[in-house]
Amino acid sequence: MTAPGAVEADADRVFAALANATRREVLRLLRDGGPQPVQALADHFDMRRPSLSEHLKVLRDAGLVSEQRSGRQRIYRLEAAPLAEVQDWLHPYERFWRERLKGLGELLDRMPDDDAT
(Lines give C-alpha, C1' and ligand atoms only; values in the text may rest on other atoms or scores of the structure.)
Protein backbone atom coordinates (compact mmCIF):
# COMPACT_ATOMS: atom_id res chain seq x y z
CA MET A 1 0.00 0.00 0.00
CA THR A 2 1.31 3.45 -0.92
CA ALA A 3 1.44 6.15 1.74
CA PRO A 4 -0.90 9.13 1.14
CA GLY A 5 2.04 11.57 1.09
CA ALA A 6 3.73 9.51 -1.62
CA VAL A 7 0.57 9.54 -3.74
CA GLU A 8 0.36 13.34 -3.42
CA ALA A 9 4.04 13.69 -4.33
CA ASP A 10 3.49 11.54 -7.44
CA ALA A 11 0.51 13.67 -8.45
CA ASP A 12 2.53 16.85 -7.88
CA ARG A 13 5.29 15.54 -10.17
CA VAL A 14 2.74 14.75 -12.90
CA PHE A 15 1.07 18.16 -12.68
CA ALA A 16 4.47 19.92 -12.62
CA ALA A 17 5.56 17.96 -15.70
CA LEU A 18 2.34 18.87 -17.53
CA ALA A 19 2.73 22.56 -16.64
CA ASN A 20 5.37 23.03 -19.34
CA ALA A 21 4.42 23.40 -23.03
CA THR A 22 7.56 21.65 -24.29
CA ARG A 23 6.86 18.59 -22.16
CA ARG A 24 3.23 18.51 -23.28
CA GLU A 25 4.43 18.63 -26.89
CA VAL A 26 6.84 15.74 -26.24
CA LEU A 27 3.91 13.72 -24.90
CA ARG A 28 1.85 14.59 -27.97
CA LEU A 29 4.69 13.53 -30.28
CA LEU A 30 5.00 10.21 -28.47
CA ARG A 31 1.22 9.72 -28.48
CA ASP A 32 0.92 10.41 -32.20
CA GLY A 33 4.19 8.91 -33.41
CA GLY A 34 4.80 6.08 -30.97
CA PRO A 35 8.17 5.36 -29.35
CA GLN A 36 10.96 7.58 -30.68
CA PRO A 37 14.67 8.14 -30.20
CA VAL A 38 15.82 11.36 -28.55
CA GLN A 39 17.11 12.79 -31.83
CA ALA A 40 13.74 12.38 -33.55
CA LEU A 41 12.10 14.24 -30.67
CA ALA A 42 14.84 16.90 -30.64
CA ASP A 43 14.26 17.62 -34.33
CA HIS A 44 10.88 19.14 -33.38
CA PHE A 45 12.33 21.75 -31.04
CA ASP A 46 14.58 24.77 -31.34
CA MET A 47 16.71 23.91 -28.33
CA ARG A 48 19.92 22.15 -27.53
CA ARG A 49 19.74 18.45 -26.79
CA PRO A 50 20.80 18.83 -23.13
CA SER A 51 17.78 21.10 -22.60
CA LEU A 52 15.47 18.51 -24.13
CA SER A 53 17.14 15.84 -22.00
CA GLU A 54 16.17 17.83 -18.89
CA HIS A 55 12.54 17.88 -20.05
CA LEU A 56 12.68 14.13 -20.71
CA LYS A 57 14.09 13.57 -17.21
CA VAL A 58 11.16 15.47 -15.66
CA LEU A 59 8.74 13.36 -17.72
CA ARG A 60 10.56 10.15 -16.68
CA ASP A 61 10.53 11.15 -13.00
CA ALA A 62 6.78 11.77 -13.26
CA GLY A 63 6.27 8.33 -14.83
CA LEU A 64 4.90 9.85 -18.06
CA VAL A 65 7.60 8.36 -20.30
CA SER A 66 9.89 5.38 -20.13
CA GLU A 67 13.34 5.07 -21.63
CA GLN A 68 14.85 2.04 -23.32
CA ARG A 69 18.37 1.83 -24.64
CA SER A 70 18.87 0.38 -28.08
CA GLY A 71 22.58 0.42 -28.89
CA ARG A 72 23.66 4.05 -28.54
CA GLN A 73 20.12 5.37 -28.86
CA ARG A 74 17.63 6.05 -26.12
CA ILE A 75 14.07 5.32 -27.19
CA TYR A 76 11.27 7.09 -25.34
CA ARG A 77 7.75 5.72 -24.98
CA LEU A 78 4.60 7.37 -23.61
CA GLU A 79 3.34 5.92 -20.33
CA ALA A 80 -0.27 7.06 -20.08
CA ALA A 81 -1.26 5.61 -16.68
CA PRO A 82 -0.41 8.80 -14.74
CA LEU A 83 -2.64 10.74 -17.16
CA ALA A 84 -5.59 8.55 -16.15
CA GLU A 85 -4.95 9.62 -12.55
CA VAL A 86 -5.05 13.28 -13.66
CA GLN A 87 -8.30 12.61 -15.50
CA ASP A 88 -9.75 10.99 -12.37
CA TRP A 89 -8.77 14.06 -10.35
CA LEU A 90 -10.31 16.43 -12.91
CA HIS A 91 -13.56 14.47 -13.34
CA PRO A 92 -15.47 16.11 -10.44
CA TYR A 93 -14.63 19.54 -11.88
CA GLU A 94 -15.81 18.48 -15.30
CA ARG A 95 -19.08 17.28 -13.79
CA PHE A 96 -19.41 20.59 -11.88
CA TRP A 97 -19.03 22.67 -15.04
CA ARG A 98 -21.27 20.39 -17.10
CA GLU A 99 -24.06 20.87 -14.53
CA ARG A 100 -23.50 24.64 -14.52
CA LEU A 101 -23.61 24.85 -18.30
CA LYS A 102 -26.74 22.70 -18.40
CA GLY A 103 -28.38 25.14 -15.99
CA LEU A 104 -27.29 28.06 -18.15
CA GLY A 105 -28.70 26.35 -21.24
CA GLU A 106 -32.03 25.80 -19.51
CA LEU A 107 -32.13 29.45 -18.43
CA LEU A 108 -31.39 30.63 -21.96
CA ASP A 109 -34.10 28.34 -23.34
CA ARG A 110 -36.65 29.99 -21.02
CA MET A 111 -35.68 33.55 -22.01
CA PRO A 112 -37.77 35.22 -24.72
CA ASP A 113 -36.14 35.80 -28.07
CA ASP A 114 -35.37 39.44 -28.91
CA ASP A 115 -36.40 38.77 -32.52
CA ALA A 116 -40.02 37.96 -31.58
CA THR A 117 -41.58 41.39 -32.11
# chains A, B, ... in the order shown; residues from 1 in each chain; ligands from 1
$ residues_around --residues "Val65 (chain A)" --least-positions-apart "4" --cutoff "6 Å" --atoms "only C-alpha atoms" --output "list of chain:residue names"
A:Leu59, A:Arg60, A:Arg77, A:Leu78, A:Glu79
$ select_by_dssp --residues "region 28-104 of chain A" --states "strand (DSSP E)" --output "ChimeraX atom specification"
/A:36-37,65-70,73-78
$ select_by_dssp --residues "region 46-108 of chain A" --states "alpha helix (DSSP H)" --output "number ranges by chain"
A: 49-61, 81-108
$ residues_around --residues "His44 (chain A)" --least-positions-apart "5" --cutoff "12 Å" --atoms "only C-alpha atoms" --output "PDB file with N, CA and C atoms, in the first residue's frame"
ATOM      1  N   THR A  22       6.637  22.540 -23.582  1.00  0.00           N
ATOM      2  CA  THR A  22       7.564  21.647 -24.286  1.00  0.00           C
ATOM      3  C   THR A  22       7.302  20.205 -23.895  1.00  0.00           C
ATOM      4  N   ARG A  23       7.109  19.970 -22.613  1.00  0.00           N
ATOM      5  CA  ARG A  23       6.857  18.591 -22.160  1.00  0.00           C
ATOM      6  C   ARG A  23       5.514  18.080 -22.671  1.00  0.00           C
ATOM      7  N   GLU A  25       4.200  18.921 -25.467  1.00  0.00           N
ATOM      8  CA  GLU A  25       4.432  18.629 -26.892  1.00  0.00           C
ATOM      9  C   GLU A  25       5.184  17.312 -27.052  1.00  0.00           C
ATOM     10  N   VAL A  26       6.140  17.026 -26.192  1.00  0.00           N
ATOM     11  CA  VAL A  26       6.843  15.739 -26.240  1.00  0.00           C
ATOM     12  C   VAL A  26       5.835  14.602 -26.061  1.00  0.00           C
ATOM     13  N   ARG A  28       2.664  14.664 -26.757  1.00  0.00           N
ATOM     14  CA  ARG A  28       1.847  14.595 -27.974  1.00  0.00           C
ATOM     15  C   ARG A  28       2.596  13.869 -29.083  1.00  0.00           C
ATOM     16  N   LEU A  29       3.879  14.192 -29.242  1.00  0.00           N
ATOM     17  CA  LEU A  29       4.689  13.530 -30.279  1.00  0.00           C
ATOM     18  C   LEU A  29       4.760  12.026 -30.041  1.00  0.00           C
ATOM     19  N   LEU A  30       4.931  11.636 -28.793  1.00  0.00           N
ATOM     20  CA  LEU A  30       4.997  10.210 -28.473  1.00  0.00           C
ATOM     21  C   LEU A  30       3.630   9.543 -28.629  1.00  0.00           C
ATOM     22  N   GLN A  36      10.020   6.868 -29.825  1.00  0.00           N
ATOM     23  CA  GLN A  36      10.958   7.583 -30.682  1.00  0.00           C
ATOM     24  C   GLN A  36      12.294   7.792 -29.987  1.00  0.00           C
ATOM     25  N   VAL A  38      15.656   9.972 -28.985  1.00  0.00           N
ATOM     26  CA  VAL A  38      15.823  11.357 -28.548  1.00  0.00           C
ATOM     27  C   VAL A  38      16.011  12.292 -29.743  1.00  0.00           C
ATOM     28  N   GLN A  39      16.820  11.903 -30.702  1.00  0.00           N
ATOM     29  CA  GLN A  39      17.109  12.793 -31.827  1.00  0.00           C
ATOM     30  C   GLN A  39      15.842  13.113 -32.629  1.00  0.00           C
ATOM     31  N   ARG A  49      20.127  19.771 -27.291  1.00  0.00           N
ATOM     32  CA  ARG A  49      19.740  18.445 -26.791  1.00  0.00           C
ATOM     33  C   ARG A  49      19.801  18.318 -25.273  1.00  0.00           C
ATOM     34  N   LEU A  52      16.523  19.494 -23.916  1.00  0.00           N
ATOM     35  CA  LEU A  52      15.465  18.508 -24.130  1.00  0.00           C
ATOM     36  C   LEU A  52      15.643  17.332 -23.165  1.00  0.00           C
TER      37      LEU A  52
END
$ residues_around --residues "Glu85 (chain A)" --least-positions-apart "4" --cutoff "12 Å" --atoms "only C-alpha atoms" --output "PyMOL selection string"
chain A and resi 7-8+10-12+14-15+62-64+79-81+89-91
